[in-house]
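Please read the structure below before turning to the comments.
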Amino acid sequence: MDIDGVEKLIRPELMTMRGYDPVEPIDVLEKELGTHIIKMDGNENPYLCSPRATQILANFPYYHIYPDPLQRNLRKALSSYTGFSESSIVCGNGSDDLIDLVLRLFVRPGDEVLNCPPTFGMYPFTVGVVGGTIVNVPRRDDFVLDMAGIRAAKSDKTRVIFIASPNNPTGELVSDEEVLELLGMGLVVVVDEAYFEFGESSAAGLVAANPNLIILRTFSKWAGLAGLRVGYGLCHEKIAGHFLKIKQPYNVNVAGEAAAIASLEDVDYLRANVERLKAERNRMSSELAKLPWMRPFPSSANFVLCRVAEKDASGAVTTARRLRDSLRKRGILVRFYETPGLRDCLRISAGRPEDTDALLTGLVEAWNEA
Ligand SMILES: Cc1ncc(COP(=O)(O)O)c(C=O)c1O
C-alpha cells in the first residue's frame, strides 16, 4: 500500500482538521533571537515551582517504577487542599487531559458541544479530535456569556458546554447564577478553573447538588508546574469513577505526581508568588491604561487582555500584530490571536516587576516603530 492509500484510511475529518497552534520552545527562540527571552505569552509562572518540588525530584528514588494508576497519594493530598473527597477527584496529564476525558466520556461522533469564544482553543481542538461538532455561541461585546444565545443554540444533540472561569483570554469570572442556569439546561457543564488561585472564585461549591457539573483545575499556573503536566477534576464520585476507568492508566507520571504533592505541602510559599503576580498584574494593567492606544480589560487571572488602537488604516496586518512582532525582536513574547474579534488584541501574562518594566518600555518603542 502506498502512503496515499494509508491516508485514505485516516478519519476524513482528521485529514482536513487544523492542528493546535504550537508554541516555540524557549531554547529555540533564545538561539534564534540571540537574546534573553521575557516570556509573557503562555500564562506560566515566572517564579518557578516550589523549591520543595525541585528537591523531591532531585532525590526521587522511583523513576524506574510505573506510576499509581489510581493516583492515591495525589488524590489524598488534593482532598485536603480542595475539601472534596478522594473519590470525587481525578487527576490528568494537565487539565488538557481532563478536557479530552470529558469529551471521550460524553461525546459521540456527531454530538454537539457548546463553546463560548473568545475562549481557550483546546475546547474546539479536542472536540474535533473526538469527532464531535462544536457549536459556537460568541460572548457579548463585554465578554459576558450570551445566555439567551446558549439557550437557543442547545439542541437534542448537545451534550457538554465548556466555560473557562476566569476565562482565557478575556479574564472574567462566571457567576454562580450563570452556572446554575446552565446546569438547569440538562447539559454537562464544565467550569474550567485553570486560574482559580488568581481569582479565588469557584463554582466548586455547586458540585454536591449538581452531578452534571465538572470543575477542572491545574498545577500549571499557580504552582509553576506547566512543564510537568498535572491537572485535576472535581465532580460527582460516580463520574470520577468513569474517568478513572477510561483514562490512560499512567496519565500522571511519577515526577508530576511527586512535584504536585510537594507543592501542596508548600502552599504558603506558592500563594505568596500568586499574590506577587496579582499585584504585578494590577500594576501592569494600570500602567497600560495610561497609554492612550491600549485598553486593558479587567482580569481575575495571571494575564491581561488589551485592545490596541489601529495606528493607521493599513488593512490586513493589524497594529496589535506589528506590536507583537516588534516586541518579539526585543525578546519580549506576548500573545497575539489570528482570530476574528481578537486581531486587535494582545494578551500579556503577568511577570516579575522587571518583566513589566521591560514590557512597558518595549511597548512604547514598538508603538513608535509600528
Ligand atoms: C482555561 C485553560 N484551561 C486549561 C489550560 C491548560 O492547562 P494545563 O497546563 O493543566 O493543561 C489552560 C492553559 O493555558 C487554560 O488557559
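By order of appearance in the C-alpha cells: chains A, B, ..., then residues from 1 within every chain, and ligands from 1 in the order shown.
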(message) DSSP on the backbone, strand (DSSP E) only: what residues of range 270-313 of chain A does that give? Format it as a PyMOL selection string.
(response) chain A and resi 294-296+303-308
(request) Identify, counting only C-alpha atoms and all ligand atoms, the protein, DNA and RNA residues located within 7 Å of ligand 1, and give them as a list in words. (result)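 Answer in the requested format: Gly42, Asn43, Asn93, Gly94, Ser95, Asp96, Asp97, Phe120, Ala164, Asn167, Asn168, Asp192, Glu193, Ala194, Arg217, Thr218, Phe219, Ser220, Ala226, Arg229, Val230 and Gly231 of chain A.
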(message) With only C-alpha atoms as the counted atoms, please give the residues lying no more than 12 Å from Ser202 in chain A, apart from itself and same-chain residues fewer than 4 positions off, as number ranges by chain.
(response) A: 82, 164-166, 173-176, 179, 191-198, 206-207, 214-217, 234, 300
Take the residues from that selection and write them out as a short mmCIF file (atom, residue, chain, number, x, y, z; two decimals), in the first residue's frame, keeping N, CA and C atoms.
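As a result, result_10.cif now contains:
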```cif
data_model
loop_
_atom_site.label_atom_id
_atom_site.label_comp_id
_atom_site.auth_asym_id
_atom_site.auth_seq_id
_atom_site.Cartn_x
_atom_site.Cartn_y
_atom_site.Cartn_z
N THR A 82 -8.64 20.76 48.57
CA THR A 82 -9.92 21.23 47.99
C THR A 82 -11.12 21.03 48.90
N ALA A 164 -14.70 28.65 30.71
CA ALA A 164 -13.48 28.89 31.49
C ALA A 164 -13.73 30.06 32.43
N SER A 165 -13.35 29.90 33.69
CA SER A 165 -13.58 30.97 34.68
C SER A 165 -12.43 30.98 35.69
N PRO A 166 -11.57 32.01 35.69
CA PRO A 166 -11.51 33.12 34.77
C PRO A 166 -11.33 32.64 33.34
N LEU A 173 -14.83 36.28 35.30
CA LEU A 173 -15.37 35.10 36.00
C LEU A 173 -16.81 34.85 35.58
N VAL A 174 -17.23 33.59 35.71
CA VAL A 174 -18.64 33.27 35.53
C VAL A 174 -19.29 33.36 36.91
N SER A 175 -20.56 33.74 36.98
CA SER A 175 -21.21 33.83 38.29
C SER A 175 -21.90 32.49 38.62
N ASP A 176 -22.16 32.25 39.90
CA ASP A 176 -22.89 31.04 40.30
C ASP A 176 -24.27 31.02 39.63
N VAL A 179 -23.88 29.72 36.17
CA VAL A 179 -23.59 28.28 36.17
C VAL A 179 -24.87 27.50 36.48
N VAL A 191 -16.77 23.72 34.16
CA VAL A 191 -16.22 25.03 34.52
C VAL A 191 -14.72 24.83 34.71
N ASP A 192 -13.97 25.42 33.80
CA ASP A 192 -12.52 25.24 33.76
C ASP A 192 -11.87 26.34 34.58
N GLU A 193 -11.38 25.96 35.77
CA GLU A 193 -10.82 26.94 36.70
C GLU A 193 -9.30 26.86 36.72
N ALA A 194 -8.69 26.86 35.54
CA ALA A 194 -7.22 26.76 35.45
C ALA A 194 -6.54 27.89 36.24
N TYR A 195 -7.22 29.05 36.34
CA TYR A 195 -6.62 30.22 37.00
C TYR A 195 -7.26 30.50 38.35
N PHE A 196 -7.88 29.47 38.94
CA PHE A 196 -8.65 29.63 40.17
C PHE A 196 -7.89 30.40 41.25
N GLU A 197 -6.64 30.05 41.49
CA GLU A 197 -5.89 30.64 42.60
C GLU A 197 -5.67 32.15 42.43
N PHE A 198 -5.82 32.66 41.19
CA PHE A 198 -5.64 34.10 40.95
C PHE A 198 -6.95 34.87 41.10
N LEU A 206 -20.97 24.16 44.01
CA LEU A 206 -22.22 23.71 43.39
C LEU A 206 -22.18 22.24 42.99
N VAL A 207 -20.99 21.60 43.11
CA VAL A 207 -20.87 20.21 42.62
C VAL A 207 -21.75 19.27 43.44
N ILE A 214 -18.75 19.66 36.34
CA ILE A 214 -17.37 19.18 36.47
C ILE A 214 -16.46 20.41 36.54
N ILE A 215 -15.62 20.44 37.57
CA ILE A 215 -14.67 21.56 37.72
C ILE A 215 -13.29 21.05 37.31
N LEU A 216 -12.58 21.83 36.52
CA LEU A 216 -11.21 21.46 36.14
C LEU A 216 -10.22 22.47 36.72
N ARG A 217 -9.12 21.95 37.23
CA ARG A 217 -8.06 22.84 37.76
C ARG A 217 -6.69 22.31 37.34
N LEU A 234 -12.86 17.92 39.67
CA LEU A 234 -13.69 17.73 40.86
C LEU A 234 -15.11 17.49 40.36
N SER A 300 -9.21 38.52 36.36
CA SER A 300 -9.10 37.77 37.61
C SER A 300 -8.09 36.63 37.45
#
```
(request) Determine which residues of range 53-87 of chain A receive a DSSP assignment of alpha helix (DSSP H), computed from the backbone, and state them as a PyMOL selection string. (result) chain A and resi 53-58+72-82
(message) From the options A:Asn368, A:Ser79, A:Ser88, A:Asn302, which residue's atoms come nearest to Asp41 in chain A, counting only C-alpha atoms?
(response)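 Once distances to Asp41 in chain A are computed over only C-alpha atoms, the minimum belongs to A:Asn302.
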(message) Show me, as a list in words, the residues that have an atom within 9 Å of Ile99 in chain A when counting only C-alpha atoms, minus same-chain residues fewer than 5 positions from it.
(response)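 Within the cut-off, the hits are Arg104, Met122, Tyr123, Thr126, Val190, Asp192 and Leu216 of chain A.
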(message) Excluding Phe243 in chain A and its own-chain neighbours fewer than 2 positions away, which residues fall within 8 Å of it when counting only C-alpha atoms? Please give them as a PyMOL selection string.
(response) chain A and resi 90+101-102+105+239-241+245-247
(message) So that I can check the surroundings of Thr119 in chain A, please list as JSON, numbers by chain every protein, DNA and RNA residue that reaches within 12 Å of it, counting only C-alpha atoms and ignoring chain neighbours fewer than 4 positions away.
(response) {"A": [114, 115, 123, 124, 125, 136, 137, 138, 139, 143, 144, 145, 162, 163, 164, 165, 166, 167, 168, 169, 170, 171, 172, 192, 305, 337, 339, 341, 342]}
(message) Using only C-alpha atoms, which protein or nucleic acid residues come within 7 Å of Arg347 in chain A? Drop anything in the same chain fewer than 6 positions from it, and give the result as a PyMOL selection string.
(response) chain A and resi 169+303-306+334-336
(message) Between CA of Gly233 in chain A and CA of Asp68 in chain A, what is the distance in Å, rounded to a tenth?
(response) 17.2 Å
(request) Would you mind telling me which residue in A:Leu74, A:Cys91, A:Leu277, A:Leu103 lies nearest to Lys221 in chain A when using only C-alpha atoms? (result) A:Leu277
